[in-house]
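Engineer: Handing you a structure now.
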Amino acid sequence: MKKVILFSLFLMFGLVASQTFPGLMGENYIYFKQISNILLFICLSFIMINVGREFEIEKTKWRSYSKDYLVAMATAAFPWIFVAIYFVFVLLPSQYWFDSEAWKENLLLSRFAAPTSAGILFTMLAAAGLKSTWVYKKVQVLAIFDDLDTILLMIPLQVMMVGLRWQLFVIVFIVSLLLIIGWKKLASYDMRQDWKAILFYAIVVFSITQSVYLGTKYLYGEEASIHIEVLLPAFILGMVMKHKHIDTPSEHRVTDLISYIFMFLVGLSMPAFFGVDFKEISEVVTITGSQPFMSWEVIAFHVIIVTILSNIGKLFPIFTYKERLLKERLAISIGMFTRGEVGAGIIFISIGYNLGGPALMISVLTLVLNLILTGFFVIWVRRLTKSAMEQNKLAGIED
């Protein structure tokens, strides 16, 4: 629970800093921002390598995972779709309801609601004594597939934002190659996996992706550059490692610290909101980013509604796995409510496309609210799972 609270606090501290640092630092803020963005990408790469390391499946039984992947895909899709519809039809004026640009922007931004935080979820369920239960084992598979689906879908969403160009085919080729390597070489390489090694790999992944971007920018200009986010390369790198569980206090401390720094940097990456008339800023070229700011009371109302919608979408597993008790299926769904680093990474990527305005603020605060509620969600999951275990025991059913 302490970790979840700190996640929320660091994200909020970063958000406050994003509004105060520009005025305090003046012209030097641009250099500070460049450094903070580099650190943010390295932290995100570190986190995604660890998510990839959790991707453990038996390749010979891949068909048995097909249902789980479809369930995970739907569990990620419904929150995303619900929030996108809300952003368009509630936050935007009616003139944009059927505007393709408005839909593209909001489909990208609302994707933050899709991924479950595997790291937070696994840690808290294990601490609750549920590691040997069917609920834990099933939610472990679903959460990893959930994150994988989010990463993969980000590719076409980003392509929608930049349009159909020759660079698209290069990106598709690189993505396809990475996926093939990830599957063929799953858990094949015996590599060092202490935090120092993972951090080094994260820096390498960032350096390679950044070099591709800067090289193509130099040759073809900003508009024709090839920008591959660290999400997929880092995840694939984690996949191909033979997973070693290094369960030491120092490993946990450093890993948690990097996650806290990442959440702070995500908050810090937010554009200025206070006293800004977005329609008068010439650099703002997106529909979402040009919307006028709302009062904090209205923002709070939208945060509550978006939180409810995104979590309703996560209830899809209730309608599957009919061979299990309703309590167990509900426990899985509630466990998937947890959000964290991957969702925050999606928000940061959206900022890169100038997607700001009230929708961005609502997205950040929704993430914070879900983090605050995570402890309650885990307690609820524990009670449902324990009750289901007792019911199964009385019926003579083994978990």
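Here, A, B, ... name the chains of the structure tokens in the order displayed, residue numbers run from 1 inside each chain, and ligands are numbered from 1 in the same displayed order.
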Which residues in segment 135-230 of chain A does DSSP call helix (DSSP H, G or I)? List them as JSON, numbers by chain.

Structural biologist: {"A": [135, 136, 137, 138, 139, 140, 141, 142, 143, 144, 145, 146, 147, 148, 149, 150, 151, 152, 153, 154, 155, 156, 157, 158, 159, 160, 161, 162, 166, 167, 168, 169, 170, 171, 172, 173, 174, 175, 176, 177, 178, 179, 180, 181, 182, 183, 184, 195, 196, 197, 198, 199, 200, 201, 202, 203, 204, 205, 206, 207, 208, 209, 210, 211, 212, 213, 214, 215, 216, 217, 218, 219, 220, 222, 223, 224]}

Engineer: Using only C-alpha atoms, determine which residues lie at most 7 Å from segment 72-81 of chain A, disregarding the query and same-chain residues fewer than 5 positions distant; provide the list as a PyMOL selection string.

Structural biologist: chain A and resi 110-111+113-115+142+145-146+149+309-311+313-314+316

Engineer: Out of A:Ser363, A:Lys131, A:Leu6, A:Ile236, which residue has the shortest atom-to-atom distance to Gly343 of chain A when counting only C-alpha atoms?

Structural biologist: A:Ser363

Engineer: What's around Ser225 of chain A at 10 Å? Count only C-alpha atoms, leave out sequence neighbours fewer than 4 positions away in its own chain, and write the answer as a list of chain:residue names.

Structural biologist: A:Gln167, A:Val212, A:Tyr213, A:Leu214, A:Gly215, A:Thr216, A:Lys217, A:Tyr218, A:Leu219, A:Tyr220, A:Gly221

Engineer: Can you tell me which residues surround Lys327 of chain A at a distance of at most 9 Å, considering only C-alpha atoms, apart from same-chain residues fewer than 4 positions away, and format the answer as a PyMOL selection string?

Structural biologist: chain A and resi 318+331-332+381+384-385+387-388

Engineer: With N, CA, C and O atoms retained, could you export that selection as a tab-separated table (two decimals), in the first residue's frame?

Structural biologist:
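Generated output (out24.tsv):
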```tsv
chain	number	residue	atom	x	y	z
A	318	ILE	N	-15.84	-11.00	-16.15
A	318	ILE	CA	-17.01	-11.58	-15.47
A	318	ILE	C	-17.80	-12.47	-16.42
A	318	ILE	O	-18.39	-13.48	-16.00
A	331	ALA	N	-13.32	-11.07	-8.92
A	331	ALA	CA	-12.02	-10.77	-8.32
A	331	ALA	C	-10.98	-10.45	-9.40
A	331	ALA	O	-10.18	-9.52	-9.25
A	332	ILE	N	-10.98	-11.23	-10.48
A	332	ILE	CA	-10.07	-10.97	-11.59
A	332	ILE	C	-10.32	-9.57	-12.17
A	332	ILE	O	-9.40	-8.79	-12.39
A	381	VAL	N	-10.48	-7.81	-3.71
A	381	VAL	CA	-10.08	-9.04	-4.41
A	381	VAL	C	-9.77	-10.14	-3.40
A	381	VAL	O	-10.16	-11.30	-3.59
A	384	LEU	N	-13.03	-11.58	-1.89
A	384	LEU	CA	-13.75	-12.40	-2.87
A	384	LEU	C	-13.05	-13.74	-3.09
A	384	LEU	O	-13.69	-14.79	-3.16
A	385	THR	N	-11.72	-13.69	-3.19
A	385	THR	CA	-10.94	-14.91	-3.46
A	385	THR	C	-11.01	-15.87	-2.27
A	385	THR	O	-11.21	-17.08	-2.46
A	387	SER	N	-13.33	-16.05	-0.01
A	387	SER	CA	-14.70	-16.57	0.06
A	387	SER	C	-14.92	-17.67	-0.98
A	387	SER	O	-15.52	-18.71	-0.69
A	388	ALA	N	-14.39	-17.46	-2.18
A	388	ALA	CA	-14.51	-18.46	-3.25
A	388	ALA	C	-13.74	-19.73	-2.90
A	388	ALA	O	-14.21	-20.85	-3.17
```

Engineer: Nearest to Gln158 of chain A among A:Ile226, A:Ile198, A:Val141, A:Ala344, with distances taken over only C-alpha atoms: which residue is it?

Structural biologist: A:Ile226

Engineer: Considering only C-alpha atoms, state which residue in the set A:Ser18, A:Ile151, A:Pro156, A:Ile47 is at the smallest distance from Leu257 of chain A.

Structural biologist: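 Once distances to Leu257 of chain A are computed over only C-alpha atoms, the minimum belongs to A:Ile47.
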
Engineer: Between A:Thr60, A:Gln34, A:Gln19, A:Ser269, single out the one closest to Ile349 of chain A, counting only C-alpha atoms.

Structural biologist: A:Ser269

Engineer: Mind giving me the straight-line distance from atom CA of Trp296 of chain A to atom CA of Phe262 of chain A in Å, one decimal?

Structural biologist: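 Between atom CA of Trp296 of chain A and atom CA of Phe262 of chain A the gap works out to 25.5 Å.
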
Engineer: Which is closest to Val83 of chain A among A:Ser295, A:Thr248, A:Thr20, A:Asn106, if we use only C-alpha atoms?

Structural biologist: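 Smallest separation from Val83 of chain A among the options: A:Asn106.
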